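What follows is a short report on a single structure.
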2 protein chains.
Amino acid sequence: MSILRYDDAMSLRIALLGLLSVSGPASGYDLTKKFETSINYVWQAGHSQIYPELAKMAADGLITVEPEGPRGRKIYTITREGTDELHRWLVERVPTDPVRSEGALQAFLLPLLSAPEALDVLSRLTAAAETRLADLRALRATKLALHESDQWKIGYYALDLGIRHALTTIDWARHTAAEIDPGSA
Amino acid sequence: MSILRYDDAMSLRIALLGLLSVSGPASGYDLTKKFETSINYVWQAGHSQIYPELAKMAADGLITVEPEGPRGRKIYTITREGTDELHRWLVERVPTDPVRSEGALQAFLLPLLSAPEALDVLSRLTAAAETRLADLRALRATKLALHESDQWKIGYYALDLGIRHALTTIDWARHTAAEIDPGSA
DNA sequence: TCCAGACATGTCACCTTTTACATGTCTGGC
DNA sequence: GCCAGACATGTAAAAGGTGACATGTCTGGA
């Protein structure tokens, strides 16, 4: 039993434990792929961050390594300790989530611009949100179609949350554009 | 005319330029306060990040320093170059906004928990969103009441966006709780 | 007069994240 | 047989961000 009280976030660790817990043993390469294609709408990391973190996690006993597959491939498996740690984080951790958004910063400073400029910025923000919305919906469609195990719901709720947030952003932009230039509504 | 193409975000710089542009000359201490009380719902920074950044910005000619007020106080004023830089960022910069949210990560991994545990996590996320909603609404009320200059709208749209996002999160949590345990709806 | 507390600036160590560099293996198609 | 491209792992420098430490000044109220 570790004495950690989650004063620090260690979200990368949790994300990796989560993926290993759901999909079973995997290599750093596999996990990097999953970061790109699945969990990336809640957390991101590249391989240069993932490989060293996996090494530390193995040293801490949260996962084990099966070295030397085909191409120097290393397979990581979550341990009982790792599973416990993950569970405890999910149940106990109070999320901090400081907002740090360039888009919101542009929204904040929008009144510094002329009306036409502001409308341009808003349509750019709308376009970005629409792209994101389309991406998330495509992902959800794929997820629903595949539907393999009983664990298919992993990521589903977060996907739904992301879709709702994108819709909200689009709505906000339309509303704000109408407020800035009633004619363009 | 600088040749920067905003490949890097430099949002802290922009936030500081924005505050200096709107409220006029200010000290690092003043700006730190404004980060705490006003812009903090779109970007955060402590004085240990702000002081060195102001020094760099002065070296880059974006602001000037009037040294030695009452208590070693230094007053920074935005220059023409700084104003231009700010304007160009607002008009040209395409926001990146990678999502990195502990709350969304918990949502992602929610199906790893039992129904009662998941409902607990959801009510914690709801409580956090409600607190944030209350904070943002209080801020908006203050803003609307004061209403001093014609520049009072700075931050207003971002505040609206934040409120909408908080409402969306609360809605999502209610919906998700009902999906996990139809009885608790 | 003293002193708590706001005012005010700064540094440093540490952690996380990004980007670039560096290297090597296996497979499928031409 | 070769070679492009996916597979696979790593390191390192730099930038961004957090938290603690360090120091000193001014003001209002007891």
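Every chain in the structure tokens takes a letter, A first, then B, and so on in the order presented; its residues are numbered from 1, and the ligands are numbered from 1 following the presented order.
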Would you list which chain A residues are within 6 Å of chain B using only C-alpha atoms, as number ranges by chain? A: 42-43, 95, 97, 99-105, 107-109, 111, 154-155, 157-158
12 Å contacts from chain A to chain D using only C-alpha atoms (C1' of nucleotides), as JSON, numbers by chain: {"A": [8, 9, 27, 28, 29, 30, 31, 32, 33, 47, 48, 49, 50, 51, 52, 54, 55, 67, 68, 69, 70, 71, 72, 73, 74, 75, 98, 100]}
Convert the current residue selection to file output with N, CA and C atoms, as a PDB file, in the first residue's frame.
ATOM      1  N   ASP A   8       0.132  15.200  -6.466  1.00  0.00           N
ATOM      2  CA  ASP A   8       0.537  15.479  -7.835  1.00  0.00           C
ATOM      3  C   ASP A   8      -0.361  14.689  -8.781  1.00  0.00           C
ATOM      4  N   ALA A   9      -0.477  15.178  -9.972  1.00  0.00           N
ATOM      5  CA  ALA A   9      -1.483  14.669 -10.887  1.00  0.00           C
ATOM      6  C   ALA A   9      -1.114  13.307 -11.486  1.00  0.00           C
ATOM      7  N   SER A  27       3.063  -2.912 -25.940  1.00  0.00           N
ATOM      8  CA  SER A  27       4.393  -2.299 -25.996  1.00  0.00           C
ATOM      9  C   SER A  27       4.264  -0.787 -25.935  1.00  0.00           C
ATOM     10  N   GLY A  28       5.383  -0.119 -25.732  1.00  0.00           N
ATOM     11  CA  GLY A  28       5.392   1.342 -25.743  1.00  0.00           C
ATOM     12  C   GLY A  28       4.882   1.873 -27.075  1.00  0.00           C
ATOM     13  N   TYR A  29       5.247   1.180 -28.115  1.00  0.00           N
ATOM     14  CA  TYR A  29       4.810   1.564 -29.463  1.00  0.00           C
ATOM     15  C   TYR A  29       3.289   1.470 -29.588  1.00  0.00           C
ATOM     16  N   ASP A  30       2.734   0.355 -29.116  1.00  0.00           N
ATOM     17  CA  ASP A  30       1.281   0.177 -29.137  1.00  0.00           C
ATOM     18  C   ASP A  30       0.594   1.307 -28.369  1.00  0.00           C
ATOM     19  N   LEU A  31       1.132   1.595 -27.196  1.00  0.00           N
ATOM     20  CA  LEU A  31       0.515   2.609 -26.332  1.00  0.00           C
ATOM     21  C   LEU A  31       0.600   3.989 -26.971  1.00  0.00           C
ATOM     22  N   THR A  32       1.724   4.253 -27.639  1.00  0.00           N
ATOM     23  CA  THR A  32       1.859   5.529 -28.348  1.00  0.00           C
ATOM     24  C   THR A  32       0.780   5.645 -29.422  1.00  0.00           C
ATOM     25  N   LYS A  33       0.528   4.562 -30.139  1.00  0.00           N
ATOM     26  CA  LYS A  33      -0.524   4.521 -31.156  1.00  0.00           C
ATOM     27  C   LYS A  33      -1.894   4.800 -30.538  1.00  0.00           C
ATOM     28  N   HIS A  47       5.873   9.495 -27.972  1.00  0.00           N
ATOM     29  CA  HIS A  47       6.659   8.334 -27.526  1.00  0.00           C
ATOM     30  C   HIS A  47       7.828   8.747 -26.644  1.00  0.00           C
ATOM     31  N   SER A  48       8.342   9.961 -26.883  1.00  0.00           N
ATOM     32  CA  SER A  48       9.515  10.397 -26.109  1.00  0.00           C
ATOM     33  C   SER A  48       9.148  10.661 -24.645  1.00  0.00           C
ATOM     34  N   GLN A  49       7.881  10.785 -24.378  1.00  0.00           N
ATOM     35  CA  GLN A  49       7.450  10.946 -22.995  1.00  0.00           C
ATOM     36  C   GLN A  49       7.003   9.597 -22.434  1.00  0.00           C
ATOM     37  N   ILE A  50       6.432   8.769 -23.304  1.00  0.00           N
ATOM     38  CA  ILE A  50       5.856   7.492 -22.883  1.00  0.00           C
ATOM     39  C   ILE A  50       6.930   6.465 -22.516  1.00  0.00           C
ATOM     40  N   TYR A  51       7.975   6.339 -23.353  1.00  0.00           N
ATOM     41  CA  TYR A  51       8.986   5.330 -23.071  1.00  0.00           C
ATOM     42  C   TYR A  51       9.646   5.509 -21.701  1.00  0.00           C
ATOM     43  N   PRO A  52      10.137   6.720 -21.385  1.00  0.00           N
ATOM     44  CA  PRO A  52      10.759   6.880 -20.068  1.00  0.00           C
ATOM     45  C   PRO A  52       9.769   6.655 -18.921  1.00  0.00           C
ATOM     46  N   LEU A  54       7.201   4.608 -18.861  1.00  0.00           N
ATOM     47  CA  LEU A  54       7.003   3.165 -18.692  1.00  0.00           C
ATOM     48  C   LEU A  54       8.158   2.555 -17.895  1.00  0.00           C
ATOM     49  N   ALA A  55       9.367   3.025 -18.174  1.00  0.00           N
ATOM     50  CA  ALA A  55      10.535   2.515 -17.444  1.00  0.00           C
ATOM     51  C   ALA A  55      10.404   2.816 -15.957  1.00  0.00           C
ATOM     52  N   PRO A  67      10.828  -8.619 -21.916  1.00  0.00           N
ATOM     53  CA  PRO A  67      11.704  -7.982 -22.902  1.00  0.00           C
ATOM     54  C   PRO A  67      11.852  -8.826 -24.158  1.00  0.00           C
ATOM     55  N   GLU A  68      12.262  -8.129 -25.213  1.00  0.00           N
ATOM     56  CA  GLU A  68      12.744  -8.749 -26.448  1.00  0.00           C
ATOM     57  C   GLU A  68      11.721  -9.575 -27.219  1.00  0.00           C
ATOM     58  N   GLY A  69      10.757  -8.922 -27.785  1.00  0.00           N
ATOM     59  CA  GLY A  69       9.927  -9.540 -28.804  1.00  0.00           C
ATOM     60  C   GLY A  69      10.620  -9.349 -30.134  1.00  0.00           C
ATOM     61  N   PRO A  70       9.920  -9.546 -31.248  1.00  0.00           N
ATOM     62  CA  PRO A  70      10.468  -9.442 -32.610  1.00  0.00           C
ATOM     63  C   PRO A  70      11.494  -8.343 -32.842  1.00  0.00           C
ATOM     64  N   ARG A  71      11.130  -7.089 -32.760  1.00  0.00           N
ATOM     65  CA  ARG A  71      12.084  -6.021 -33.126  1.00  0.00           C
ATOM     66  C   ARG A  71      12.570  -5.249 -31.919  1.00  0.00           C
ATOM     67  N   GLY A  72      13.047  -5.964 -30.925  1.00  0.00           N
ATOM     68  CA  GLY A  72      13.435  -5.284 -29.699  1.00  0.00           C
ATOM     69  C   GLY A  72      12.202  -4.855 -28.927  1.00  0.00           C
ATOM     70  N   ARG A  73      11.076  -5.396 -29.327  1.00  0.00           N
ATOM     71  CA  ARG A  73       9.788  -5.062 -28.735  1.00  0.00           C
ATOM     72  C   ARG A  73       9.736  -5.501 -27.273  1.00  0.00           C
ATOM     73  N   LYS A  74       9.185  -4.619 -26.438  1.00  0.00           N
ATOM     74  CA  LYS A  74       9.042  -4.938 -25.015  1.00  0.00           C
ATOM     75  C   LYS A  74       7.567  -4.909 -24.646  1.00  0.00           C
ATOM     76  N   ILE A  75       7.090  -5.950 -24.027  1.00  0.00           N
ATOM     77  CA  ILE A  75       5.681  -6.007 -23.663  1.00  0.00           C
ATOM     78  C   ILE A  75       5.503  -5.677 -22.179  1.00  0.00           C
ATOM     79  N   PRO A  98      -6.894  23.061 -14.549  1.00  0.00           N
ATOM     80  CA  PRO A  98      -6.744  24.491 -14.809  1.00  0.00           C
ATOM     81  C   PRO A  98      -7.001  24.740 -16.293  1.00  0.00           C
ATOM     82  N   ARG A 100      -6.402  26.371 -19.760  1.00  0.00           N
ATOM     83  CA  ARG A 100      -5.300  27.037 -20.454  1.00  0.00           C
ATOM     84  C   ARG A 100      -5.557  26.845 -21.936  1.00  0.00           C
TER      85      ARG A 100
END
Residue hits in chain C, query chain B, radius 12 Å, only C-alpha atoms (C1' of nucleotides), as a PDB file with C-alpha atoms (C1' of nucleotides), in the first residue's frame:
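Dumped to part22.pdb:
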ATOM      1  C1'  DA C   6      -0.450  43.782   2.179  1.00  0.00           C
ATOM      2  C1'  DC C   7       2.744  45.405  -1.254  1.00  0.00           C
ATOM      3  C1'  DA C   8       6.574  44.233  -4.266  1.00  0.00           C
ATOM      4  C1'  DT C   9      10.355  41.737  -6.640  1.00  0.00           C
ATOM      5  C1'  DG C  10      13.098  38.153  -7.490  1.00  0.00           C
ATOM      6  C1'  DT C  11      15.543  33.216  -7.836  1.00  0.00           C
ATOM      7  C1'  DC C  12      15.917  28.221  -7.935  1.00  0.00           C
ATOM      8  C1'  DT C  17       5.860  18.584 -22.378  1.00  0.00           C
ATOM      9  C1'  DT C  18       7.687  19.358 -27.155  1.00  0.00           C
ATOM     10  C1'  DT C  19      10.853  18.784 -30.856  1.00  0.00           C
TER      11       DT C  19
END
Running DSSP on the backbone, which parts of region 10-177 of chain A land in strand (DSSP E), as a count of residues only? 8
